[in-house]
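As stored in final.cif (mmCIF, C-alpha atoms and all ligand atoms):
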```cif
data_run
loop_
_atom_site.label_atom_id
_atom_site.label_comp_id
_atom_site.auth_asym_id
_atom_site.auth_seq_id
_atom_site.Cartn_x
_atom_site.Cartn_y
_atom_site.Cartn_z
CA MET C 1 90.72 119.79 106.55
CA GLN C 2 92.88 122.10 108.60
CA LEU C 3 95.06 121.01 111.49
CA SER C 4 93.06 123.10 113.97
CA ARG C 5 89.81 121.39 112.93
CA TRP C 6 91.35 117.95 113.29
CA ARG C 7 92.64 118.87 116.74
CA ARG C 8 89.18 120.09 117.77
CA TYR C 9 87.55 116.95 116.39
CA LEU C 10 90.00 114.66 118.08
CA SER C 11 89.86 116.50 121.40
CA LEU C 12 86.14 115.70 121.53
CA ARG C 13 86.98 112.02 121.65
CA LYS C 14 89.04 110.49 124.44
CA LYS C 15 90.48 107.64 122.40
CA LEU C 16 90.15 106.38 118.90
CA ASP C 17 90.48 102.75 118.02
CA LEU C 18 92.89 101.76 115.28
CA THR C 19 90.17 101.45 112.62
CA GLN C 20 89.14 105.05 113.34
CA ALA C 21 92.74 106.22 113.21
CA GLU C 22 93.15 104.56 109.83
CA ALA C 23 89.91 106.23 108.78
CA VAL C 24 91.35 109.67 109.53
CA ASN C 25 94.19 108.97 107.10
CA ASP C 26 91.76 107.54 104.57
CA ILE C 27 89.53 110.62 104.68
CA ILE C 28 92.53 112.81 103.95
CA GLN C 29 93.53 110.62 101.03
CA ALA C 30 90.05 109.75 99.71
CA LYS C 31 89.78 110.62 96.04
CA THR C 32 86.16 109.70 95.40
CA LYS C 33 82.79 110.00 97.12
CA LYS C 34 82.49 106.30 97.90
CA SER C 35 85.95 106.00 99.43
CA GLN C 36 85.19 109.08 101.52
CA GLN C 37 81.85 107.62 102.63
CA LEU C 38 83.57 104.36 103.61
CA ALA C 39 86.19 106.22 105.64
CA LEU C 40 83.55 108.37 107.35
CA ASN C 41 81.61 105.25 108.37
CA GLN C 42 84.78 103.82 109.81
CA LEU C 43 85.50 107.03 111.68
CA GLU C 44 82.00 106.86 113.17
CA GLY C 45 83.08 103.51 114.63
CA LYS C 46 80.92 101.18 112.51
CA LEU C 47 83.72 98.66 111.95
CA TYR C 48 84.74 98.95 115.59
CA LYS C 49 81.19 98.12 116.73
CA ARG C 50 80.97 95.18 114.36
CA ILE C 51 84.24 93.72 115.63
CA ALA C 52 83.29 94.44 119.27
CA LYS C 53 80.10 92.36 118.82
CA LEU C 54 82.13 89.46 117.45
CA LEU C 55 84.56 89.72 120.35
CA GLU C 56 81.66 89.63 122.80
CA LYS C 57 80.41 86.39 121.27
CA LEU C 58 83.89 84.89 121.42
CA SER C 59 84.33 85.74 125.08
CA HIS C 60 80.93 84.18 125.82
CA TYR C 61 82.20 80.87 124.38
CA ARG C 62 85.48 81.20 126.25
CA ILE C 63 83.82 81.87 129.59
CA GLN C 64 81.80 78.68 129.24
CA LEU C 65 85.00 76.70 128.63
CA GLU C 66 87.05 78.37 131.32
CA LEU C 67 84.34 77.82 133.92
CA GLU C 68 84.46 74.13 133.09
CA ILE C 69 88.26 74.06 133.35
CA ASP C 70 88.36 75.93 136.69
CA PHE C 71 85.40 74.25 138.36
CA LEU C 72 85.59 70.77 136.91
CA ASP C 73 84.42 69.07 140.08
CA ASP C 74 81.82 71.65 141.02
CA ASP C 75 78.27 72.02 140.03
CA VAL C 76 78.81 73.85 136.75
CA PRO C 77 76.40 72.75 134.03
CA ASP C 78 78.07 70.65 131.32
CA ILE C 79 78.86 72.29 128.02
CA ASN C 80 76.97 70.97 125.05
CA LEU C 81 80.05 70.44 122.87
CA GLU C 82 78.09 69.57 119.79
CA GLU C 83 76.20 72.85 120.07
CA LEU C 84 79.42 74.81 120.66
CA HIS C 85 81.02 73.14 117.64
CA GLN C 86 78.04 74.16 115.52
CA GLU C 87 78.17 77.72 116.83
CA LEU C 88 81.87 77.96 116.07
CA LEU C 89 81.27 76.91 112.48
CA LEU C 90 78.58 79.58 112.13
CA PHE C 91 80.89 82.13 113.69
CA LYS C 92 83.63 81.15 111.23
CA ALA C 93 81.17 81.58 108.34
CA ASP C 94 80.38 85.10 109.64
CA LEU C 95 84.07 85.96 109.64
CA GLU C 96 84.45 84.57 106.14
CA LYS C 97 81.66 86.86 104.95
CA LEU C 98 83.44 89.75 106.62
CA VAL C 99 86.60 88.94 104.64
CA ILE C 100 84.72 88.70 101.33
CA SER C 101 82.97 92.05 101.81
CA GLY C 102 86.33 93.37 103.06
CA GLU C 103 87.89 92.62 99.67
CA GLN C 104 85.26 94.95 98.22
CA GLY C 105 85.98 97.49 100.95
CA ARG C 106 89.65 97.35 100.05
CA ILE C 107 88.77 97.89 96.38
CA ILE C 108 86.72 100.97 97.30
CA ARG C 109 89.54 102.35 99.42
CA GLU C 110 92.49 101.51 97.17
CA GLY C 111 90.65 101.51 93.84
CA LEU C 112 89.65 98.74 91.48
CA LYS C 113 92.83 97.81 89.57
CA ILE C 114 92.17 97.25 85.89
CA SER C 115 94.80 96.47 83.28
CA LEU C 116 94.48 96.71 79.52
CA ILE C 117 96.41 93.95 77.82
CA GLY C 118 96.64 92.45 74.36
CA LYS C 119 98.74 92.26 71.24
CA PRO C 120 100.42 95.41 69.94
CA ASN C 121 98.23 97.80 67.97
CA VAL C 122 94.80 96.47 69.03
CA GLY C 123 93.90 99.85 70.57
CA LYS C 124 94.79 99.49 74.26
CA SER C 125 96.13 103.02 74.59
CA SER C 126 93.19 104.42 72.60
CA LEU C 127 90.76 102.73 75.02
CA PHE C 128 92.84 103.92 77.98
CA ASN C 129 92.50 107.50 76.70
CA LYS C 130 88.75 107.05 76.15
CA LEU C 131 88.26 105.81 79.72
CA LEU C 132 90.31 108.74 81.01
CA GLU C 133 88.65 111.22 78.67
CA SER C 134 92.07 112.65 77.88
CA GLU C 135 94.89 112.09 75.41
CA ARG C 136 97.19 110.74 78.10
CA ALA C 137 98.80 107.87 76.17
CA ILE C 138 100.57 108.11 72.84
CA VAL C 139 98.62 106.41 70.07
CA THR C 140 100.16 105.55 66.70
CA PRO C 141 99.54 102.95 63.99
CA ILE C 142 103.00 101.51 64.75
CA PRO C 143 102.85 98.27 66.75
CA GLY C 144 104.95 98.48 69.91
CA THR C 145 104.18 102.15 70.61
CA THR C 146 103.67 101.73 74.35
CA ARG C 147 106.98 100.63 75.86
CA ASP C 148 106.31 101.04 79.57
CA TYR C 149 103.06 100.90 81.47
CA LEU C 150 100.99 103.97 82.35
CA GLU C 151 98.78 104.26 85.40
CA GLU C 152 95.92 106.71 85.87
CA VAL C 153 93.01 107.04 88.24
CA ILE C 154 89.39 107.76 87.35
CA SER C 155 86.19 108.01 89.33
CA LEU C 156 83.44 105.76 88.03
CA ASP C 157 80.08 106.56 89.64
CA GLY C 158 81.97 107.69 92.72
CA TYR C 159 84.18 104.58 92.79
CA LEU C 160 87.93 104.80 92.42
CA VAL C 161 89.34 102.88 89.45
CA ARG C 162 93.07 102.55 88.72
CA ILE C 163 93.70 101.85 85.06
CA PHE C 164 96.95 100.48 83.66
CA ASP C 165 97.83 100.71 79.98
CA THR C 166 100.49 98.13 79.19
CA ALA C 167 102.99 97.34 76.47
CA GLY C 168 101.53 95.03 73.84
CA ILE C 169 102.77 91.50 74.38
CA ARG C 170 104.54 89.75 71.50
CA GLU C 171 107.72 87.85 70.71
CA THR C 172 110.43 90.48 70.35
CA SER C 173 114.18 90.85 70.37
CA ASP C 174 114.02 94.53 71.35
CA THR C 175 115.50 94.84 74.87
CA ILE C 176 113.35 97.81 75.93
CA GLU C 177 110.18 96.23 74.64
CA LYS C 178 111.08 92.95 76.39
CA LEU C 179 111.35 94.79 79.71
CA GLY C 180 107.99 96.49 79.07
CA ILE C 181 106.38 93.12 78.39
CA LYS C 182 107.87 91.68 81.59
CA ARG C 183 106.25 94.56 83.50
CA SER C 184 102.95 94.02 81.72
CA LYS C 185 102.91 90.49 83.09
CA GLU C 186 103.57 91.75 86.63
CA ILE C 187 100.75 94.26 86.29
CA ILE C 188 98.35 91.52 85.20
CA ASP C 189 99.18 89.61 88.40
CA GLY C 190 98.47 92.67 90.55
CA SER C 191 95.18 93.55 88.81
CA ASP C 192 91.69 92.87 90.11
CA PHE C 193 90.49 92.63 86.50
CA VAL C 194 92.21 92.28 83.17
CA LEU C 195 90.69 93.73 80.02
CA TYR C 196 91.96 91.50 77.23
CA ILE C 197 91.70 93.62 74.10
CA THR C 198 91.50 91.95 70.71
CA ASP C 199 90.88 93.13 67.21
CA SER C 200 89.03 90.73 64.94
CA THR C 201 91.29 91.51 62.00
CA ASP C 202 94.07 89.73 63.87
CA SER C 203 94.58 86.10 64.65
CA ASN C 204 94.79 85.59 68.40
CA GLU C 205 95.82 81.98 68.38
CA GLU C 206 99.33 82.49 69.70
CA TYR C 207 97.76 84.51 72.46
CA ASN C 208 95.30 81.94 73.72
CA ASN C 209 97.89 80.12 75.83
CA PHE C 210 98.93 83.33 77.50
CA VAL C 211 95.36 84.31 78.32
CA SER C 212 94.50 80.86 79.63
CA ASP C 213 96.96 81.52 82.48
CA ILE C 214 94.77 84.41 83.72
CA PRO C 215 92.08 83.26 86.19
CA ALA C 216 88.70 83.33 84.38
CA HIS C 217 87.02 85.46 87.09
CA LYS C 218 89.60 88.22 86.44
CA LEU C 219 89.21 88.28 82.68
CA LEU C 220 86.99 90.58 80.63
CA LYS C 221 87.27 90.11 76.88
CA VAL C 222 86.98 93.16 74.66
CA LEU C 223 86.67 93.21 70.87
CA ASN C 224 87.90 96.61 69.68
CA LYS C 225 87.77 98.29 66.25
CA VAL C 226 84.24 97.02 65.62
CA ASP C 227 83.84 99.95 63.18
CA ILE C 228 85.98 98.11 60.63
CA ILE C 229 84.46 94.68 61.11
CA PRO C 230 81.52 93.63 58.92
CA ALA C 231 78.44 93.76 61.17
CA GLU C 232 77.50 90.11 60.45
CA LYS C 233 80.81 88.99 61.95
CA LEU C 234 80.02 90.47 65.35
CA ILE C 235 77.73 87.60 66.32
CA ASN C 236 80.86 85.45 66.50
CA TYR C 237 81.89 87.35 69.62
CA PRO C 238 78.96 86.99 72.03
CA ASP C 239 81.10 86.93 75.17
CA TYR C 240 83.12 90.02 74.21
CA ILE C 241 82.40 93.63 75.12
CA GLN C 242 82.38 95.26 71.67
CA THR C 243 84.00 98.66 71.36
CA SER C 244 85.23 101.21 68.89
CA THR C 245 87.31 104.07 70.16
CA PHE C 246 85.78 106.19 67.42
CA ASN C 247 82.48 106.40 69.27
CA GLN C 248 81.25 106.57 72.85
CA GLU C 249 78.86 103.62 72.90
CA GLY C 250 81.44 100.87 73.47
CA THR C 251 83.29 102.84 76.14
CA ASN C 252 80.02 103.29 78.03
CA LYS C 253 79.37 99.53 77.86
CA LEU C 254 82.88 98.94 79.15
CA LYS C 255 82.36 101.30 82.07
CA GLU C 256 79.05 99.61 82.93
CA SER C 257 80.75 96.19 82.94
CA LEU C 258 83.43 97.48 85.27
CA LEU C 259 80.81 98.83 87.64
CA THR C 260 79.17 95.41 87.87
CA LYS C 261 82.45 94.17 89.36
CA ILE C 262 81.87 96.32 92.41
CA THR C 263 79.07 94.38 94.01
CA LEU C 264 78.48 96.27 97.24
CA SER C 265 75.04 97.55 98.05
CA ASP C 266 74.73 100.86 99.88
CA SER C 267 73.65 99.05 103.03
CA GLU C 268 76.78 96.87 102.89
CA LEU C 269 78.88 99.95 102.31
CA ASN C 270 77.45 101.37 105.52
CA SER C 271 77.71 98.17 107.53
CA GLY C 272 81.26 98.60 108.84
CA LEU C 273 83.47 96.94 106.27
CA LEU C 274 87.08 95.92 106.57
CA THR C 275 88.97 98.28 104.29
CA ASN C 276 92.62 97.34 104.17
CA SER C 277 94.94 94.36 103.87
CA ARG C 278 96.05 94.62 107.51
CA GLN C 279 92.50 94.22 108.78
CA ILE C 280 91.71 91.44 106.30
CA LEU C 281 94.83 89.49 107.30
CA ALA C 282 93.98 89.75 111.01
CA VAL C 283 90.46 88.41 110.41
CA LYS C 284 91.84 85.59 108.24
CA GLU C 285 94.09 84.60 111.14
CA ALA C 286 91.11 84.68 113.49
CA ILE C 287 89.32 82.31 111.06
CA THR C 288 92.25 79.86 111.24
CA SER C 289 92.11 79.90 115.05
CA ILE C 290 88.34 79.31 115.07
CA ALA C 291 88.79 76.40 112.67
CA GLN C 292 91.40 74.95 115.05
CA ALA C 293 89.04 75.41 117.99
CA ALA C 294 86.32 73.50 116.13
CA ASP C 295 88.85 70.78 115.20
CA SER C 296 89.95 70.46 118.83
CA ILE C 297 86.34 69.68 119.79
CA ASP C 298 86.11 67.15 116.96
CA ALA C 299 89.31 65.47 118.12
CA ASP C 300 88.14 65.48 121.75
CA MET C 301 91.35 67.20 122.83
CA GLY C 302 89.99 68.79 125.97
CA TYR C 303 88.60 72.20 126.93
CA GLU C 304 92.05 73.76 127.39
CA PHE C 305 92.88 73.43 123.71
CA THR C 306 89.60 74.88 122.53
CA ALA C 307 89.85 77.76 125.02
CA PHE C 308 93.41 78.46 123.85
CA ASP C 309 92.37 78.66 120.19
CA LEU C 310 89.47 80.96 121.04
CA LYS C 311 91.87 83.20 122.94
CA GLU C 312 94.08 83.34 119.86
CA ALA C 313 91.06 84.21 117.72
CA SER C 314 90.15 87.06 120.10
CA ALA C 315 93.71 88.38 119.99
CA HIS C 316 93.58 88.50 116.19
CA LEU C 317 90.25 90.34 116.20
CA GLU C 318 91.58 92.74 118.82
CA GLU C 319 94.47 93.50 116.45
CA VAL C 320 91.92 94.94 114.02
CA VAL C 321 90.78 97.57 116.51
CA GLY C 322 93.90 97.96 118.78
CA LYS C 323 93.62 101.16 120.82
CA ILE C 324 95.89 104.13 120.21
CA THR C 325 95.92 107.61 121.65
CA ASN C 326 95.10 110.84 119.88
CA ASP C 327 98.66 112.02 120.32
CA ASP C 328 100.02 108.90 118.58
CA LEU C 329 97.55 109.54 115.85
CA LEU C 330 98.29 113.20 115.31
CA ASN C 331 102.01 112.46 115.25
CA THR C 332 101.53 109.80 112.60
CA ILE C 333 99.23 111.92 110.45
CA PHE C 334 101.37 115.01 110.55
CA SER C 335 104.62 113.16 110.04
CA ASN C 336 103.15 111.56 106.89
CA PHE C 337 101.12 114.40 105.45
CA CYS C 338 101.76 118.02 105.05
CA ILE C 339 98.27 119.33 105.78
CA GLY C 340 96.70 122.17 107.64
CA LYS C 341 99.44 124.70 107.10
N1 LIG J 1 89.45 101.65 63.18
C1 LIG J 1 89.83 101.74 64.45
N2 LIG J 1 91.11 102.03 64.74
C2 LIG J 1 91.46 102.11 66.03
C3 LIG J 1 90.52 101.91 67.09
N3 LIG J 1 91.18 102.04 68.25
C4 LIG J 1 92.47 102.31 67.95
N4 LIG J 1 92.64 102.36 66.62
C5 LIG J 1 93.89 102.63 65.89
O1 LIG J 1 94.77 101.53 66.07
C6 LIG J 1 96.13 101.99 66.12
C7 LIG J 1 96.83 101.50 67.38
O2 LIG J 1 96.20 102.08 68.51
P1 LIG J 1 96.89 102.11 69.93
O3 LIG J 1 95.87 102.60 70.88
O4 LIG J 1 98.19 102.81 69.88
O5 LIG J 1 97.14 100.54 70.13
P2 LIG J 1 97.91 99.80 71.32
O6 LIG J 1 97.20 98.52 71.55
O7 LIG J 1 98.08 100.69 72.47
O8 LIG J 1 99.31 99.49 70.64
P3 LIG J 1 100.75 99.25 71.33
O9 LIG J 1 101.02 100.34 72.29
O10 LIG J 1 101.68 99.28 70.17
O11 LIG J 1 100.71 97.91 71.96
C8 LIG J 1 96.06 103.51 66.01
O12 LIG J 1 96.30 103.89 64.70
C9 LIG J 1 94.62 103.84 66.42
O13 LIG J 1 94.13 105.04 65.85
C10 LIG J 1 89.16 101.62 66.74
O14 LIG J 1 88.28 101.42 67.56
N5 LIG J 1 88.88 101.55 65.41
MG MG J 2 99.76 101.44 73.43
#
```

The structure in this file should be written as structure tokens.
Amino acid sequence: MQLSRWRRYLSLRKKLDLTQAEAVNDIIQAKTKKSQQLALNQLEGKLYKRIAKLLEKLSHYRIQLELEIDFLDDDVPDINLEELHQELLLFKADLEKLVISGEQGRIIREGLKISLIGKPNVGKSSLFNKLLESERAIVTPIPGTTRDYLEEVISLDGYLVRIFDTAGIRETSDTIEKLGIKRSKEIIDGSDFVLYITDSTDSNEEYNNFVSDIPAHKLLKVLNKVDIIPAEKLINYPDYIQTSTFNQEGTNKLKESLLTKITLSDSELNSGLLTNSRQILAVKEAITSIAQAADSIDADMGYEFTAFDLKEASAHLEEVVGKITNDDLLNTIFSNFCIGK
């Protein structure tokens, strides 16, 4: 979009909240339909409204407590602490749901990070190329071909997916290969999902220890080169996605499995999701404060403590939407991006 159009758009609005400001950046950077849709929802203020509702609830609880503190001797009706405790736990559960869906929002915005790992020569780079539909990575029959990782981005059904091809992991004395393997391990840690590629003609025993370190929910097992495996052997691999890079069928199955990892419905996508780590962290901190508020009721510590924790929780939620001016925003956008020339 051109600078003049942004100026016109922004001049129609007096102030944007921080989530909307972030959305403007996200729209500019969005690479797929879904990430654009998410950013547009945020720009419309859906996340802002969702957080504002939560803040309203929090201030309702706080007012009850502060009235008690200020007018202890007056005729203010007593607070039902048991009921408040219960409500705080429900409120905390709501925030926890917001964080969980926010992880999906973050995946849509930043892309689902997938790494291809496995022993040398099992066909990682070949699968990488198939997913990309291009001959991006070098493929040879020589084990140890990929020395450093490669990263590429694809759109899967409108979702952004970042794929990493890694150096095959094995015992080696080669210094360059060792460095590549070290990086492969770092990439595994930073991935949302790990595709563990095997080839049934190989023994994977030495590898089992390594794979057992990867959390099970992150692991997708793939049996490649099924074209050279006798068909009757395939039933030994029921929990593997079976592929051959010589045909399309397996790659399609692989893509479908990846899509099942993005579990958002369209209505959730439109519900005002958290979309970045900053927002998620602020809500997590609000959850800690709410838990402390509930604990302070449990421990009979007095209204002041509970009110203090609720104030902290509000401050954290306010961080998500903190107000900024259009000028601040335009300065940030145009200092970071060269658009609208
Ligand atoms: N028969 C068969 N061969 C395959 C298949 N996929 C890959 N290959 C072959 O296996 C060899 C190794 O493929 P690569 O994709 O380079 O394997 P890699 O896992 O990336 O290997 P490194 O980079 O060395 O770790 C090549 O000769 C490929 O043509 C497959 O599905 N079936
Ligand atoms: Mg390779």

Within 12 Å of ligand MG 2 (chain J): each chain C residue with its shortest pair, only C-alpha atoms and all ligand atoms, as a tab-separated table:
```
residue	atom	partner	partner_atom	distance
C:Leu116	CA	J:MG2	MG	9.3
C:Ile117	CA	J:MG2	MG	9.3
C:Gly118	CA	J:MG2	MG	9.6
C:Lys119	CA	J:MG2	MG	9.5
C:Pro120	CA	J:MG2	MG	7.0
C:Asn121	CA	J:MG2	MG	6.7
C:Val122	CA	J:MG2	MG	8.3
C:Gly123	CA	J:MG2	MG	6.7
C:Lys124	CA	J:MG2	MG	5.4
C:Ser125	CA	J:MG2	MG	4.1
C:Ser126	CA	J:MG2	MG	7.3
C:Leu127	CA	J:MG2	MG	9.2
C:Phe128	CA	J:MG2	MG	8.6
C:Asn129	CA	J:MG2	MG	10.0
C:Glu135	CA	J:MG2	MG	11.9
C:Arg136	CA	J:MG2	MG	10.7
C:Ala137	CA	J:MG2	MG	7.1
C:Ile138	CA	J:MG2	MG	6.7
C:Val139	CA	J:MG2	MG	6.1
C:Thr140	CA	J:MG2	MG	7.9
C:Pro141	CA	J:MG2	MG	9.6
C:Ile142	CA	J:MG2	MG	9.3
C:Pro143	CA	J:MG2	MG	8.0
C:Gly144	CA	J:MG2	MG	6.9
C:Thr145	CA	J:MG2	MG	5.3
C:Thr146	CA	J:MG2	MG	4.0
C:Arg147	CA	J:MG2	MG	7.7
C:Asp148	CA	J:MG2	MG	9.0
C:Tyr149	CA	J:MG2	MG	8.7
C:Leu150	CA	J:MG2	MG	9.4
C:Phe164	CA	J:MG2	MG	10.7
C:Asp165	CA	J:MG2	MG	6.9
C:Thr166	CA	J:MG2	MG	6.7
C:Ala167	CA	J:MG2	MG	6.0
C:Gly168	CA	J:MG2	MG	6.7
C:Ile169	CA	J:MG2	MG	10.4
C:Glu177	CA	J:MG2	MG	11.7
C:Gly180	CA	J:MG2	MG	11.1
C:Ile181	CA	J:MG2	MG	11.7
C:Ser184	CA	J:MG2	MG	11.6
C:Ile197	CA	J:MG2	MG	11.3
```

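If you measure from each of C:Asn236, C:Thr198, C:Asn252, C:Thr288 to ligand LIG 1 (chain J) using only C-alpha atoms and all ligand atoms, the closest one turns out to be C:Thr198.
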
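For the choices C:Asp70, C:Asp309, C:Asp227, C:Glu56, the atom-to-atom distance to ligand LIG 1 (chain J) is smallest for C:Asp227 when using only C-alpha atoms and all ligand atoms.
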
Problem set entry | Contact residues around Asp298 (chain C) with only C-alpha atoms at 10 Å, ignoring same-chain residues under 5 positions, as number ranges by chain | C: 81-82, 85, 292-293

Problem set entry | Selected residue of minimal separation from ligand LIG 1 (chain J) among C:Gly250, C:Gly45, C:Gly190, C:Gly111, counting only C-alpha atoms and all ligand atoms | C:Gly250

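Residues in contact range of Val99 (chain C), defined as at most 10 Å between only C-alpha atoms, with sequence neighbours fewer than 4 positions away removed, read Ala93, Asp94, Leu95, Glu103, Gln104, Gly105, Leu273, Leu274, Thr275, Ser277, Gln279, Ile280, Leu281, Ala282, Val283, Lys284 and Ile287 of chain C.
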
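Nearest residue to ligand LIG 1 (chain J), choosing from C:Ile297, C:Ile187, C:Leu160, C:Leu195 and counting only C-alpha atoms and all ligand atoms: C:Leu195.
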
For this session: One decimal, Å: what's the distance from CA of Lys311 (chain C) over to CA of Gly272 (chain C), could you say?
Result: 23.4 Å

Could you put an axis-aligned box around every listed atom of ligand LIG 1 (chain J), padded by 5 Å on each side, and send me its centre and edge lengths in Å to one decimal, as lines of an AutoDock Vina configuration file?
```
center_x = 95.0
center_y = 101.5
center_z = 67.8
size_x = 23.4
size_y = 17.1
size_z = 19.3
```

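Counting from CA of Asp239 (chain C), the distance to CA of Glu133 (chain C) is 25.7 Å.
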
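Residue nearest ligand LIG 1 (chain J), chosen from C:Arg278, C:Lys253, C:Lys113, C:Arg170 and counting only C-alpha atoms and all ligand atoms: C:Arg170.
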
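In this comparison, which uses all atoms listed in the file, the residue of C:Leu223, C:Ala299, C:Ile235, C:Leu40 approaching ligand LIG 1 (chain J) most closely is C:Leu223.
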
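Here CA of Leu132 (chain C) is placed at a distance of 6.5 Å from CA of Ile154 (chain C).
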
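Residues with any atom within 7 Å of region 24-31 of chain C, counting all atoms listed in the file and excluding same-chain neighbours fewer than 4 positions away, are C:Gln20, C:Ser35, C:Gln36, C:Ala39, C:Leu40, C:Leu43, C:Ile333.
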
For this session: Extract, using all atoms listed in the file, all DNA, RNA and protein residues at most 12 Å from Glu268 (chain C), discarding same-chain residues fewer than 5 positions from it, and format them as an MDAnalysis selection string.
Result: chainID C and resid 37:38 41 46:47 97:98 100:102 104:105 262:263 273:274

For this session: Identify the residues around (81.4, 98.3, 85.6) within a radius of 12 Å, measuring from all atoms listed in the file in the coordinates stated by the file, and give them as a list in words.
Result: Leu112, Ile114, Leu131, Ser155, Leu156, Asp157, Gly158, Tyr159, Leu160, Val161, Phe193, Leu195, Leu220, Ile241, Thr251, Asn252, Lys253, Leu254, Lys255, Glu256, Ser257, Leu258, Leu259, Thr260, Lys261, Ile262 and Thr263 of chain C

Exercise. If you count only C-alpha atoms, which residues fall within 10 Å of Ala315 (chain C), apart from same-chain ones fewer than 4 positions away, as an NGL selection string?
Worked result: :C and (55 or 282 or 285-286 or 289 or 309-311 or 319-320 or 322)
